[in-house]
file start-v2.cif (mmCIF, C-alpha atoms)
data_final
#
loop_
_atom_site.label_atom_id
_atom_site.label_comp_id
_atom_site.auth_asym_id
_atom_site.auth_seq_id
_atom_site.Cartn_x
_atom_site.Cartn_y
_atom_site.Cartn_z
CA MET A 585 180.22 130.41 36.56
CA GLU A 586 177.06 132.44 36.48
CA HIS A 587 176.17 133.54 40.02
CA THR A 588 172.50 133.00 40.93
CA SER A 589 171.16 136.23 42.32
CA ILE A 590 169.81 135.60 45.83
CA ILE A 591 168.95 139.13 46.89
CA GLY A 592 167.20 139.77 43.60
CA SER A 593 164.77 136.91 44.29
CA TYR A 594 163.64 138.68 47.46
CA ALA A 595 163.81 142.21 46.04
CA SER A 596 160.02 142.67 45.96
CA ILE A 597 159.80 141.89 49.69
CA PHE A 598 162.46 144.46 50.52
CA GLU A 599 160.69 146.97 48.26
CA LEU A 600 157.48 146.32 50.19
CA SER A 601 159.37 146.78 53.45
CA VAL A 602 160.71 150.17 52.29
CA ALA A 603 157.21 151.33 51.31
CA LEU A 604 155.46 150.05 54.44
CA ASN A 605 158.06 151.30 56.89
CA PHE A 606 158.16 154.79 55.37
CA ALA A 607 154.35 154.83 55.13
CA TYR A 608 153.98 153.94 58.80
CA ALA A 609 156.47 156.59 59.89
CA ALA A 610 155.01 159.33 57.71
CA SER A 611 151.27 158.66 57.41
CA ALA A 612 148.81 158.95 60.31
CA PRO A 613 145.88 157.42 58.32
CA PHE A 614 148.08 154.39 57.53
CA ARG A 615 148.95 153.99 61.21
CA GLU A 616 145.26 154.25 62.13
CA THR A 617 144.38 151.49 59.66
CA MET A 618 147.12 149.29 61.12
CA LYS A 619 145.96 149.86 64.69
CA ALA A 620 142.25 149.49 63.93
CA GLY A 621 142.19 145.71 64.04
CA PHE A 622 144.10 145.38 67.32
CA LEU A 623 142.22 147.98 69.29
CA LYS A 624 138.78 147.21 67.87
CA SER A 625 137.30 145.96 71.16
CA ILE A 626 138.67 149.03 73.00
CA GLU A 627 137.27 151.36 70.33
CA GLN A 628 133.89 149.63 70.56
CA MET A 629 133.89 150.08 74.33
CA ASP A 630 134.78 153.74 73.86
CA LEU A 631 132.02 154.14 71.28
CA TRP A 632 129.50 152.51 73.63
CA TYR A 633 130.41 154.96 76.42
CA SER A 634 130.10 157.97 74.09
CA LYS A 635 126.73 156.73 72.80
CA GLN A 636 125.41 156.09 76.30
CA VAL A 637 126.54 159.52 77.49
CA THR A 638 124.50 161.14 74.69
CA LYS A 639 121.47 158.90 75.34
CA THR A 640 121.56 159.55 79.09
CA ILE A 641 121.78 163.31 78.53
CA ASP A 642 118.76 163.03 76.21
CA LYS A 643 116.79 161.03 78.79
CA ILE A 644 117.53 163.54 81.53
CA ARG A 645 116.45 166.41 79.26
CA LEU A 646 113.20 164.70 78.28
CA MET A 647 112.44 163.77 81.88
CA SER A 648 112.87 167.42 82.84
CA ASP A 649 109.92 168.37 80.65
CA GLU A 650 107.42 166.51 82.73
CA ASP A 651 105.64 166.95 86.01
CA ILE A 652 107.61 164.54 88.09
CA ASN A 653 105.15 163.81 90.82
CA SER A 654 106.35 160.47 92.03
CA GLU A 655 109.30 159.59 94.20
CA ALA A 656 110.11 156.68 91.94
CA LYS A 657 110.47 158.94 88.90
CA LEU A 658 112.54 161.50 90.82
CA SER A 659 114.79 158.73 92.02
CA LEU A 660 115.10 157.42 88.45
CA LYS A 661 116.06 160.85 87.13
CA LYS A 662 118.68 161.13 89.89
CA LYS A 663 119.99 157.67 88.96
CA PHE A 664 120.42 158.73 85.32
CA GLU A 665 122.21 161.89 86.44
CA ASN A 666 124.63 159.86 88.58
CA MET A 667 125.13 157.39 85.75
CA LEU A 668 125.97 160.26 83.42
CA VAL A 669 128.80 161.35 85.71
CA GLN A 670 130.11 157.78 85.95
CA LEU A 671 129.87 157.17 82.19
CA ARG A 672 131.61 160.46 81.37
CA GLU A 673 134.46 159.66 83.76
CA GLU A 674 134.96 156.15 82.38
CA ASP A 675 134.76 157.41 78.80
CA GLU A 676 137.28 160.19 79.40
CA GLN A 677 139.67 157.86 81.24
CA LEU A 678 139.51 155.19 78.52
CA THR A 679 139.96 157.72 75.69
CA LYS A 680 142.88 159.41 77.49
CA GLU A 681 144.72 156.15 78.21
CA THR A 682 144.20 154.80 74.70
CA ASP A 683 145.35 158.04 73.03
CA GLU A 684 148.39 158.40 75.30
CA ALA A 685 149.49 154.80 74.82
CA GLN A 686 149.02 154.95 71.05
CA SER A 687 150.93 158.20 70.85
CA ASP A 688 153.75 156.65 72.88
CA ILE A 689 153.91 153.61 70.61
CA VAL A 690 154.06 155.80 67.49
CA ASN A 691 156.68 158.20 68.84
CA GLN A 692 158.82 155.42 70.25
CA THR A 693 158.80 153.23 67.15
CA LYS A 694 159.13 155.93 64.47
CA PRO A 695 162.95 155.91 64.53
CA LEU A 696 162.93 152.12 64.15
CA TYR A 697 160.61 152.31 61.14
CA ILE A 698 162.84 154.90 59.45
CA TYR A 699 165.93 152.82 60.24
CA THR A 700 164.47 149.60 58.81
CA ALA A 701 163.14 151.43 55.73
CA LEU A 702 166.64 152.68 54.97
CA PHE A 703 168.05 149.28 55.90
CA SER A 704 165.80 147.61 53.31
CA LEU A 705 166.84 150.25 50.77
CA PHE A 706 170.48 149.39 51.39
CA ILE A 707 169.74 145.67 50.93
CA LEU A 708 168.20 146.53 47.55
CA PHE A 709 171.37 148.46 46.74
CA LEU A 710 173.39 145.37 47.63
CA GLY A 711 171.10 143.42 45.30
CA GLY A 712 172.19 145.75 42.52
CA GLN A 713 175.83 145.14 43.45
CA GLU A 714 175.22 141.38 43.41
CA VAL A 715 174.01 141.58 39.79
CA ALA A 716 176.70 144.06 38.73
CA HIS A 717 179.62 142.07 40.19
CA ASN A 718 178.11 138.65 39.71
CA THR A 719 178.86 137.71 43.28
CA PHE A 720 177.08 137.85 46.64
CA PRO A 721 178.19 141.09 48.38
CA ILE A 722 179.18 139.27 51.54
CA ASP A 723 181.24 142.10 53.06
CA GLY A 724 178.51 144.72 52.79
CA PHE A 725 175.96 142.24 54.06
CA ASN A 726 178.05 141.24 57.07
CA SER A 727 178.70 144.86 57.93
CA ILE A 728 175.11 146.02 57.80
CA ILE A 729 173.90 142.99 59.77
CA TYR A 730 176.59 143.45 62.45
CA MET A 731 175.78 147.15 62.74
CA SER A 732 172.03 146.43 62.88
CA LEU A 733 172.50 143.78 65.58
CA PHE A 734 173.87 146.61 67.68
CA LEU A 735 171.79 149.56 66.46
CA ILE A 736 168.30 148.05 66.38
CA PRO A 737 168.32 146.96 70.05
CA THR A 738 169.81 150.35 70.97
CA ILE A 739 166.95 152.17 69.23
CA ALA A 740 164.35 149.76 70.67
CA ILE A 741 165.67 149.93 74.25
CA SER A 742 166.01 153.71 74.18
CA SER A 743 162.30 153.97 73.31
CA MET A 744 161.27 151.44 75.93
CA ILE A 745 163.05 153.33 78.72
CA GLY A 746 161.23 156.52 77.73
CA SER A 747 164.04 158.28 75.89
CA PRO A 748 163.26 157.47 72.27
CA MET A 749 166.06 158.13 69.85
CA PRO A 750 165.22 161.08 67.63
CA VAL A 751 164.59 160.18 63.98
CA PRO A 752 167.55 162.22 62.65
CA ALA A 753 169.87 160.35 65.03
CA ALA A 754 168.58 156.97 63.79
CA VAL A 755 169.10 158.09 60.19
CA MET A 756 172.64 159.30 60.96
CA LEU A 757 173.48 155.98 62.64
CA LEU A 758 172.22 154.05 59.65
CA LEU A 759 174.12 156.22 57.20
CA PHE A 760 177.22 155.72 59.33
CA SER A 761 176.76 151.95 59.28
CA LEU A 762 176.16 152.06 55.50
CA LEU A 763 179.43 153.92 55.02
CA ILE A 764 181.20 151.30 57.12
CA GLY A 765 179.58 148.59 55.01
CA LEU A 766 180.65 150.21 51.75
CA PHE A 767 184.15 151.45 52.45
CA TRP A 768 185.40 149.61 55.52
CA PRO A 769 183.43 146.34 55.44
CA ILE A 770 183.74 144.02 58.39
CA ALA A 771 186.03 141.21 57.31
CA TYR A 772 184.88 138.57 59.83
CA ILE A 773 182.30 136.50 58.02
CA ILE A 774 179.18 135.46 59.93
CA PRO A 775 179.36 131.64 59.89
CA ILE A 776 176.01 130.99 58.25
CA SER A 777 175.00 130.56 54.65
CA ASN A 778 174.20 133.53 52.36
CA LYS A 779 170.57 132.50 52.22
CA HIS A 780 170.27 132.58 56.00
CA LEU A 781 171.96 135.97 56.09
CA LEU A 782 169.19 137.12 53.81
CA ASP A 783 166.61 135.58 56.13
CA ILE A 784 168.07 137.65 58.98
CA ALA A 785 167.82 140.76 56.81
CA LEU A 786 164.17 139.94 56.09
CA LEU A 787 163.47 139.59 59.80
CA PHE A 788 165.04 142.99 60.46
CA SER A 789 162.99 144.55 57.65
CA PHE A 790 159.71 143.68 59.28
CA LEU A 791 160.87 143.85 62.89
CA PRO A 792 159.12 147.16 63.69
CA PHE A 793 155.78 145.75 62.47
CA THR A 794 156.28 142.63 64.55
CA LEU A 795 157.11 144.76 67.59
CA SER A 796 154.08 146.98 66.97
CA VAL A 797 151.83 143.92 66.75
CA PHE A 798 153.11 142.73 70.14
CA ARG A 799 152.83 146.18 71.70
CA LEU A 800 149.33 146.83 70.38
CA THR A 801 148.17 143.37 71.47
CA TRP A 802 149.66 143.99 74.91
CA LEU A 803 148.06 147.47 75.06
CA ALA A 804 144.63 146.06 74.12
CA PHE A 805 145.02 143.35 76.75
CA LYS A 806 146.03 145.85 79.48
CA LEU A 807 143.19 148.27 78.67
CA GLU A 808 140.64 145.44 78.51
CA LEU A 809 141.78 144.15 81.88
CA LYS A 810 141.53 147.59 83.40
CA HIS A 811 138.26 148.80 81.88
CA ARG A 812 136.16 145.75 81.09
CA ARG A 813 134.93 145.44 84.70
CA GLY A 814 133.85 149.08 84.83
CA TYR A 815 132.19 148.67 81.45
CA TYR A 816 130.11 145.65 82.55
CA LYS A 817 129.17 147.43 85.79
CA ALA A 818 127.99 150.50 83.85
CA TYR A 819 126.16 148.26 81.35
CA LYS A 820 124.28 146.44 84.10
CA GLU A 821 123.39 149.62 85.97
CA LEU A 822 122.09 151.24 82.79
CA ALA A 823 120.04 148.15 81.99
CA LYS A 824 118.52 148.31 85.51
CA ALA A 825 117.70 152.00 85.12
CA GLU A 826 116.12 151.38 81.73
CA SER A 827 114.07 148.51 83.11
CA ALA A 828 112.88 150.79 85.94
CA ALA A 829 111.97 153.46 83.36
CA LYS A 830 109.97 150.86 81.45
CA ASN A 831 108.08 149.84 84.61
CA LEU A 832 107.29 153.47 85.41
CA ARG A 833 105.59 154.09 82.07
CA GLU A 834 102.34 155.92 82.67
CA SER A 835 100.83 154.86 79.35
CA LYS A 836 100.23 151.27 80.43
CA ASN A 837 97.98 152.58 83.22
CA PHE A 838 95.75 154.27 80.64
CA PHE A 839 94.74 151.17 78.78
CA LYS A 840 92.15 148.66 79.86
CA GLN A 841 94.12 145.81 78.25
CA GLN A 842 97.48 145.66 80.08
CA GLU A 843 100.64 143.83 78.76
CA MET B 336 121.80 176.29 73.43
CA THR B 337 118.44 177.26 74.89
CA GLU B 338 116.37 174.76 76.83
CA LEU B 339 114.01 174.35 73.86
CA GLU B 340 116.89 173.77 71.45
CA GLU B 341 118.33 171.13 73.78
CA TYR B 342 114.90 169.52 74.01
CA GLN B 343 114.62 169.54 70.22
CA GLN B 344 118.04 167.91 69.85
CA SER B 345 117.17 165.16 72.32
CA VAL B 346 113.81 164.46 70.65
CA GLU B 347 115.54 164.33 67.26
CA ASN B 348 118.14 161.89 68.60
CA PHE B 349 115.50 159.60 70.06
CA SER B 350 113.24 159.73 67.03
CA SER B 351 116.13 158.97 64.66
CA SER B 352 117.45 156.10 66.76
CA LYS B 353 113.91 154.81 67.53
CA GLU B 354 114.70 154.79 71.22
CA ASN B 355 112.13 152.94 73.36
CA PHE B 356 111.78 155.48 76.16
CA GLU B 357 108.54 157.03 77.32
CA PHE B 358 108.50 160.69 78.20
CA THR B 359 105.84 163.27 78.91
CA ASN B 360 105.55 166.29 76.75
CA LYS B 361 103.96 169.54 77.88
CA GLY B 362 103.25 172.84 76.19
CA LYS B 363 102.72 173.93 72.61
CA PRO B 364 106.34 174.31 71.44
CA HIS B 365 107.30 170.96 72.97
CA ALA B 366 104.23 169.34 71.40
CA ALA B 367 105.16 170.78 67.98
CA ILE B 368 108.71 169.38 68.31
CA VAL B 369 107.48 165.87 69.09
CA VAL B 370 104.85 165.91 66.33
CA SER B 371 107.38 167.20 63.78
CA ASN B 372 109.74 164.37 64.63
CA LEU B 373 107.00 161.75 64.49
CA ILE B 374 106.23 162.98 60.98
CA ARG B 375 109.91 163.24 60.01
CA THR B 376 110.80 159.69 60.98
CA ALA B 377 107.62 157.91 59.85
CA GLN B 378 108.66 155.34 57.26
CA LYS B 379 105.29 154.09 56.00
CA GLU B 380 102.23 155.57 57.64
CA LEU B 381 100.93 158.24 59.96
CA LEU B 382 97.64 157.96 61.83
CA ILE B 383 96.23 161.09 63.46
CA TYR B 384 93.19 161.39 65.69
CA SER B 385 92.58 165.01 66.62
CA GLY B 386 89.82 167.43 67.54
CA CYS B 387 90.47 169.82 64.68
CA LEU B 388 94.28 169.89 64.27
CA HIS B 389 94.39 173.12 66.20
CA ARG B 390 96.37 176.05 64.82
CA GLU B 391 98.17 176.53 68.12
CA VAL B 392 100.41 173.54 67.36
CA ALA B 393 99.64 172.66 63.75
CA ASN B 394 100.73 176.05 62.39
CA ASP B 395 104.28 175.47 63.58
CA GLU B 396 106.62 176.19 60.65
CA ASN B 397 108.87 173.19 61.11
CA LEU B 398 105.90 170.88 61.61
CA VAL B 399 104.28 172.07 58.38
CA GLU B 400 107.57 171.66 56.51
CA MET B 401 107.94 168.07 57.74
CA LEU B 402 104.33 167.36 56.83
CA GLN B 403 104.76 168.72 53.32
CA ALA B 404 107.79 166.49 52.80
CA PHE B 405 105.83 163.52 54.13
CA LEU B 406 102.89 164.22 51.82
CA LYS B 407 105.23 164.54 48.82
CA SER B 408 106.80 161.17 49.59
CA GLY B 409 103.61 159.25 48.86
CA LYS B 410 103.44 157.57 52.26
CA THR B 411 100.09 156.85 53.90
CA LEU B 412 98.36 159.43 56.07
CA LYS B 413 94.99 158.84 57.73
CA LEU B 414 93.30 161.56 59.71
CA ILE B 415 90.22 161.38 61.91
CA LEU B 416 88.81 164.69 63.14
CA SER B 417 86.05 165.17 65.68
CA GLN B 418 84.88 168.05 63.50
CA MET B 419 86.03 169.90 60.41
CA PRO B 420 86.76 173.51 61.36
CA ALA B 421 85.55 176.43 59.25
CA GLU B 422 87.88 177.31 56.40
CA ASP B 423 89.26 180.43 58.06
CA MET B 424 89.99 178.48 61.24
CA ARG B 425 91.96 175.68 59.64
CA SER B 426 95.60 175.20 60.51
CA GLU B 427 98.30 175.15 57.81
CA ALA B 428 98.83 171.45 58.47
CA LEU B 429 95.15 170.68 57.92
CA LYS B 430 95.04 172.74 54.72
CA ASN B 431 97.99 170.73 53.36
CA ILE B 432 96.34 167.44 54.25
CA ILE B 433 93.04 168.45 52.63
CA THR B 434 94.87 169.45 49.43
CA ALA B 435 96.78 166.16 49.39
CA GLU B 436 93.59 164.17 49.89
CA LYS B 437 92.17 165.58 46.67
CA ASP B 438 95.13 164.14 44.74
CA PRO B 439 94.24 160.55 43.71
CA ALA B 440 97.93 159.70 43.41
CA LYS B 441 98.42 160.28 47.13
CA ASP B 442 97.44 157.84 49.87
CA VAL B 443 95.84 160.43 52.14
CA HIS B 444 92.43 159.93 53.77
CA ILE B 445 90.32 162.10 56.05
CA LYS B 446 87.28 161.06 58.04
CA ILE B 447 85.10 163.21 60.26
CA ASP B 448 83.70 161.51 63.32
CA GLU B 449 80.33 163.27 63.13
CA ASP B 450 78.30 160.50 64.72
CA GLY B 451 80.89 159.94 67.46
CA LYS B 452 81.38 156.27 66.53
CA PHE B 453 85.15 156.52 66.54
CA SER B 454 85.35 158.39 69.84
CA GLU B 455 83.12 155.66 71.30
CA SER B 456 85.50 152.90 70.23
CA ALA B 457 88.53 154.98 71.26
CA ARG B 458 87.00 155.60 74.67
CA SER B 459 86.48 151.90 75.20
CA ILE B 460 90.18 151.10 75.27
CA PHE B 461 91.03 153.61 78.00
CA HIS B 462 90.51 153.12 81.74
CA ASP B 463 89.23 156.67 82.24
CA ASN B 464 86.70 156.28 79.42
CA VAL B 465 87.98 159.38 77.65
CA ALA B 466 88.65 159.45 73.90
CA HIS B 467 92.22 160.72 74.09
CA HIS B 468 93.63 162.24 70.94
CA PHE B 469 96.69 160.56 69.58
CA MET B 470 99.12 160.18 66.75
CA VAL B 471 100.78 156.90 65.70
CA ALA B 472 103.62 156.37 63.25
CA ASP B 473 104.41 152.97 61.75
CA GLY B 474 102.53 151.16 64.52
CA ALA B 475 105.35 151.87 67.00
CA ALA B 476 105.87 155.57 67.69
CA TYR B 477 103.11 157.54 69.34
CA ARG B 478 102.03 160.72 71.01
CA LEU B 479 99.03 160.14 73.29
CA GLU B 480 97.40 163.28 74.61
CA ILE B 481 96.41 163.01 78.27
CA ASP B 482 95.54 166.64 78.97
CA ALA B 483 94.38 168.59 75.93
CA SER B 484 94.21 171.95 77.74
CA GLU B 485 97.89 171.81 78.69
CA TYR B 486 98.98 170.01 75.50
CA LYS B 487 100.30 167.31 77.76
CA ALA B 488 100.99 163.93 76.22
CA LEU B 489 102.82 160.65 76.68
CA CYS B 490 105.32 159.95 73.89
CA ASN B 491 107.56 157.15 72.77
CA PHE B 492 109.35 156.55 69.47
CA ASN B 493 109.34 152.79 69.69
CA ASP B 494 106.72 150.97 71.74
CA SER B 495 104.31 148.84 69.74
CA THR B 496 102.63 147.51 72.91
CA ILE B 497 101.06 150.96 73.33
CA ALA B 498 100.98 152.10 69.69
CA GLY B 499 99.50 148.77 68.59
CA PRO B 500 96.07 149.08 70.31
CA LEU B 501 95.82 152.70 69.11
CA LYS B 502 96.53 151.63 65.55
CA ASP B 503 94.04 148.73 65.80
CA VAL B 504 91.13 150.92 66.84
CA PHE B 505 92.06 153.42 64.14
CA ASP B 506 92.35 150.81 61.37
CA LEU B 507 89.07 149.20 62.43
CA PHE B 508 87.25 152.49 62.00
CA PHE B 509 88.82 153.09 58.61
CA SER B 510 88.06 149.61 57.39
CA ARG B 511 84.33 150.18 57.89
CA ASP B 512 82.52 151.43 54.77
#
call {"tool": "encode", "arguments": {"input": "start-v2.cif", "output": "C-alpha cells"}}
result
Amino acid sequence: MEHTSIIGSYASIFELSVALNFAYAASAPFRETMKAGFLKSIEQMDLWYSKQVTKTIDKIRLMSDEDINSEAKLSLKKKFENMLVQLREEDEQLTKETDEAQSDIVNQTKPLYIYTALFSLFILFLGGQEVAHNTFPIDGFNSIIYMSLFLIPTIAISSMIGSPMPVPAAVMLLLFSLLIGLFWPIAYIIPISNKHLLDIALLFSFLPFTLSVFRLTWLAFKLELKHRRGYYKAYKELAKAESAAKNLRESKNFFKQQE
Amino acid sequence: MTELEEYQQSVENFSSSKENFEFTNKGKPHAAIVVSNLIRTAQKELLIYSGCLHREVANDENLVEMLQAFLKSGKTLKLILSQMPAEDMRSEALKNIITAEKDPAKDVHIKIDEDGKFSESARSIFHDNVAHHFMVADGAAYRLEIDASEYKALCNFNDSTIAGPLKDVFDLFFSRD
C-alpha cells in the first residue's frame, strides 16, 4: 500500500523554521526587526527623552544669550537646567536597562535557536527517509522527540539561571541526539498518533520564537511599569516649564493688542 | 564647540523643528545666525522691515548664501526700507534683493518708506510708539528688534500671535497702490 507522506506535507513549515531560527541566531538586523514591535512603546519613550534632552539644551543655550533681568526668568532657566539633569538620568537608565535586557535575551536564546534550526533540518531529513522507504520513520522521530524533551528544557533552564549553554555545546548535543536517532533509535514508541508526533515537532520548531515573544512582552511590561511614572512626571514638569516660558514672553508686552 | 557654534546649532534645531519658544538675541553674529535661519526655513514668504539692511549684519556670508538660495527658489520676498542707502553703502544682501526685484519672474518687491507712512502704522501697534524693525517668515516666525544699537531682538520660530499683527501691518502697506 502506498504510504501517504505526512512529514512531506509539512516540509515547507520546517524549511521556514530552519531559515527563521538560523536568521535569528546569526542576523542582528533580523533580531531588531523582530523586537521592534514588542518594544515600540519603550523605544518611543526613549526617543522622547532623547528629543527633550536636545530641546532643553537648546533652550538653556538660547536663554543664555539674553539679559536675564527678572527673577522669574532666572528661576525658569534654573528649572530647565534641573530638568536636563533629570531627563538625562532617566534616558540613560532606560537605555541601559533596555539594552542589557535585550542582550541577555539574545545571548540566552541563541543556543535554543541553533538547536531548533538543526532539529527542523533533521525532521526534513526524516521526511526524505519517509519518501525513500515508503513508511513513517517512527524510530527516528521517537528518538529525536525524546532527546528534545530532555535537551530543550536543559538549554532553556540553563539560560534562565544565568549560565546559558554555549552554542557549540547545544550543537554537539543535537548531533549526539541525531546519531542516537539514526543508529540506536529508541524502541519505546510514544503512544500517540504519527500526526500528533509531527504536531509536537512543529511546536518544538517554533518554541524559541514563542519563548522570545513571552520574554519580550514581559520585558516591555516590566520596563513600562518601572519607567512610565517617571516619564509622566517629566512630561508634566516640562509642560509646566514651557507654559511658564510662554507666560514670560516679552513680546506680548510690546503690542497694544494683547492675546 | 565654541559658544557661537553651540548657539548656531540650537537656533538651527529650533528653526527646523519650528519650536514655539521665545528668546532674546543680542549682538551682530547672533543676529546674523537668527536671520539666516529665518531665511533658510521660510517656506513661502519673507517680510522684512529694516532701516537700510545694514552691512554689519547683512554682509554675513552665511546669511547672503541663504538669501541667494531663497531668491532662486521663487518664493515671495517683500522689503520695506526707511531709506535706500547709497550704492557704495549697500550690503550684499540688499544688492541681491535689488537684482532679484528687477527679474519679472521673481516675486520680490521693495518699497521705500519715504513719507513715513509705514513707520506710522508700525508705530501704532506698539505700546512704546516706536516703529521697531522686524522680519517675519510665513506669518509665524519672527525677529522683532527692540534695541537697534545693540542688535537686540525678540525671536520665535513659531508664534503667529506675535507674527500675525506684524504681517498684517506689512501686508496692508503693500496692498496700497
call {"tool": "closest_atom_pairs", "arguments": {"input": "start-v2.cif", "of": "chain B", "to": "chain A", "cutoff": "8 Å", "atoms": "all atoms listed in the file", "output": "Markdown table"}}
result
| residue | atom | partner | partner_atom | distance |
| --- | --- | --- | --- | --- |
| B:Glu341 | CA | A:Arg645 | CA | 7.5 |
| B:Tyr342 | CA | A:Arg645 | CA | 6.3 |
| B:Ser345 | CA | A:Asp642 | CA | 4.7 |
| B:Val346 | CA | A:Asp642 | CA | 7.6 |
| B:Asn348 | CA | A:Asp642 | CA | 7.7 |
| B:Phe349 | CA | A:Asp642 | CA | 7.8 |
| B:Phe356 | CA | A:Lys830 | CA | 7.3 |
| B:Glu357 | CA | A:Arg833 | CA | 6.3 |
| B:Phe358 | CA | A:Leu646 | CA | 6.2 |
| B:Thr359 | CA | A:Glu650 | CA | 5.3 |
| B:Asn360 | CA | A:Asp649 | CA | 6.2 |
| B:Lys361 | CA | A:Asp649 | CA | 6.7 |
| B:Ile460 | CA | A:Lys840 | CA | 5.6 |
| B:Phe461 | CA | A:Phe839 | CA | 4.5 |
| B:His462 | CA | A:Lys840 | CA | 5.1 |
| B:Asp463 | CA | A:Phe838 | CA | 7.1 |
| B:Leu489 | CA | A:Ser835 | CA | 6.7 |
| B:Thr496 | CA | A:Glu843 | CA | 7.2 |
| B:Ile497 | CA | A:Lys836 | CA | 7.2 |
call {"tool": "write_last_selection", "arguments": {"input": "start-v2.cif", "atoms": "C-alpha atoms", "output": "PDB file, in the frame of the given file"}}
result
ATOM      1  CA  GLU B 341     118.330 171.130  73.780  1.00  0.00           C
ATOM      2  CA  TYR B 342     114.900 169.520  74.010  1.00  0.00           C
ATOM      3  CA  SER B 345     117.170 165.160  72.320  1.00  0.00           C
ATOM      4  CA  VAL B 346     113.810 164.460  70.650  1.00  0.00           C
ATOM      5  CA  ASN B 348     118.140 161.890  68.600  1.00  0.00           C
ATOM      6  CA  PHE B 349     115.500 159.600  70.060  1.00  0.00           C
ATOM      7  CA  PHE B 356     111.780 155.480  76.160  1.00  0.00           C
ATOM      8  CA  GLU B 357     108.540 157.030  77.320  1.00  0.00           C
ATOM      9  CA  PHE B 358     108.500 160.690  78.200  1.00  0.00           C
ATOM     10  CA  THR B 359     105.840 163.270  78.910  1.00  0.00           C
ATOM     11  CA  ASN B 360     105.550 166.290  76.750  1.00  0.00           C
ATOM     12  CA  LYS B 361     103.960 169.540  77.880  1.00  0.00           C
ATOM     13  CA  ILE B 460      90.180 151.100  75.270  1.00  0.00           C
ATOM     14  CA  PHE B 461      91.030 153.610  78.000  1.00  0.00           C
ATOM     15  CA  HIS B 462      90.510 153.120  81.740  1.00  0.00           C
ATOM     16  CA  ASP B 463      89.230 156.670  82.240  1.00  0.00           C
ATOM     17  CA  LEU B 489     102.820 160.650  76.680  1.00  0.00           C
ATOM     18  CA  THR B 496     102.630 147.510  72.910  1.00  0.00           C
ATOM     19  CA  ILE B 497     101.060 150.960  73.330  1.00  0.00           C
TER      20      ILE B 497
END
call {"tool": "residues_around", "arguments": {"input": "start-v2.cif", "residues": "A:Glu599", "least_positions_apart": "2", "cutoff": "8 Å", "atoms": "all atoms listed in the file", "output": "list in words"}}
result
Ala595, Ser596, Ile597, Ser601, Val602, Ala603, Ser704, Leu705 and Leu708 of chain A
call {"tool": "write_last_selection", "arguments": {"input": "start-v2.cif", "atoms": "C-alpha atoms", "output": "compact mmCIF listing (two decimals), in the coordinates of the input"}}
result
# COMPACT_ATOMS: atom_id res chain seq x y z
CA ALA A 595 163.81 142.21 46.04
CA SER A 596 160.02 142.67 45.96
CA ILE A 597 159.80 141.89 49.69
CA SER A 601 159.37 146.78 53.45
CA VAL A 602 160.71 150.17 52.29
CA ALA A 603 157.21 151.33 51.31
CA SER A 704 165.80 147.61 53.31
CA LEU A 705 166.84 150.25 50.77
CA LEU A 708 168.20 146.53 47.55
call {"tool": "closest_residue", "arguments": {"input": "start-v2.cif", "among": "B:His389, B:Arg375, B:Leu412, B:Leu382", "to": "B:Ala498", "atoms": "only C-alpha atoms"}}
result
B:Leu382
call {"tool": "resolve_selection", "arguments": {"input": "start-v2.cif", "expression": "the PyMOL selection byres ((chain B and resi 367) around 10)", "output": "short mmCIF file (atom, residue, chain, number, x, y, z; two decimals) with C-alpha atoms, in the coordinates of the input"}}
result
data_model
loop_
_atom_site.label_atom_id
_atom_site.label_comp_id
_atom_site.auth_asym_id
_atom_site.auth_seq_id
_atom_site.Cartn_x
_atom_site.Cartn_y
_atom_site.Cartn_z
CA GLN B 343 114.62 169.54 70.22
CA ASN B 360 105.55 166.29 76.75
CA GLY B 362 103.25 172.84 76.19
CA LYS B 363 102.72 173.93 72.61
CA PRO B 364 106.34 174.31 71.44
CA HIS B 365 107.30 170.96 72.97
CA ALA B 366 104.23 169.34 71.40
CA ILE B 368 108.71 169.38 68.31
CA VAL B 369 107.48 165.87 69.09
CA VAL B 370 104.85 165.91 66.33
CA SER B 371 107.38 167.20 63.78
CA ASN B 372 109.74 164.37 64.63
CA LEU B 373 107.00 161.75 64.49
CA GLU B 391 98.17 176.53 68.12
CA VAL B 392 100.41 173.54 67.36
CA ALA B 393 99.64 172.66 63.75
CA ASN B 394 100.73 176.05 62.39
CA ASP B 395 104.28 175.47 63.58
CA GLU B 396 106.62 176.19 60.65
CA ASN B 397 108.87 173.19 61.11
CA LEU B 398 105.90 170.88 61.61
CA VAL B 399 104.28 172.07 58.38
CA TYR B 486 98.98 170.01 75.50
#
call {"tool": "residues_around", "arguments": {"input": "start-v2.cif", "residues": "A:Asp683", "least_positions_apart": "2", "cutoff": "12 Å", "atoms": "all atoms listed in the file", "output": "list of chain:residue names"}}
result
A:Glu616, A:Lys619, A:Leu623, A:Ile626, A:Glu627, A:Asp630, A:Glu676, A:Gln677, A:Leu678, A:Thr679, A:Lys680, A:Glu681, A:Ala685, A:Gln686, A:Ser687, A:Asp688, A:Ile689, A:Val690, A:Leu803, A:Leu807
call {"tool": "atom_distance", "arguments": {"input": "start-v2.cif", "atom1": "atom CA of A:Tyr730", "atom2": "atom CA of A:Ser789"}}
result
14.5 Å
call {"tool": "resolve_selection", "arguments": {"input": "start-v2.cif", "expression": "the PyMOL selection byres ((chain B and resi 440) around 12)", "output": "count of residues only"}}
result
16
call {"tool": "atom_distance", "arguments": {"input": "start-v2.cif", "atom1": "atom CA of B:Glu354", "atom2": "atom CA of B:Ser456"}}
result
29.3 Å
call {"tool": "atom_distance", "arguments": {"input": "start-v2.cif", "atom1": "atom CA of B:Gly499", "atom2": "atom CA of B:Glu347"}}
result
22.4 Å
call {"tool": "closest_residue", "arguments": {"input": "start-v2.cif", "among": "A:Ile784, A:Met667, A:Leu600, A:Ser611", "to": "A:Lys820", "atoms": "only C-alpha atoms"}}
result
A:Met667
call {"tool": "closest_residue", "arguments": {"input": "start-v2.cif", "among": "A:Ile698, A:Leu822, A:Leu735, A:Leu781", "to": "A:Ile722", "atoms": "all atoms listed in the file"}}
result
A:Leu781
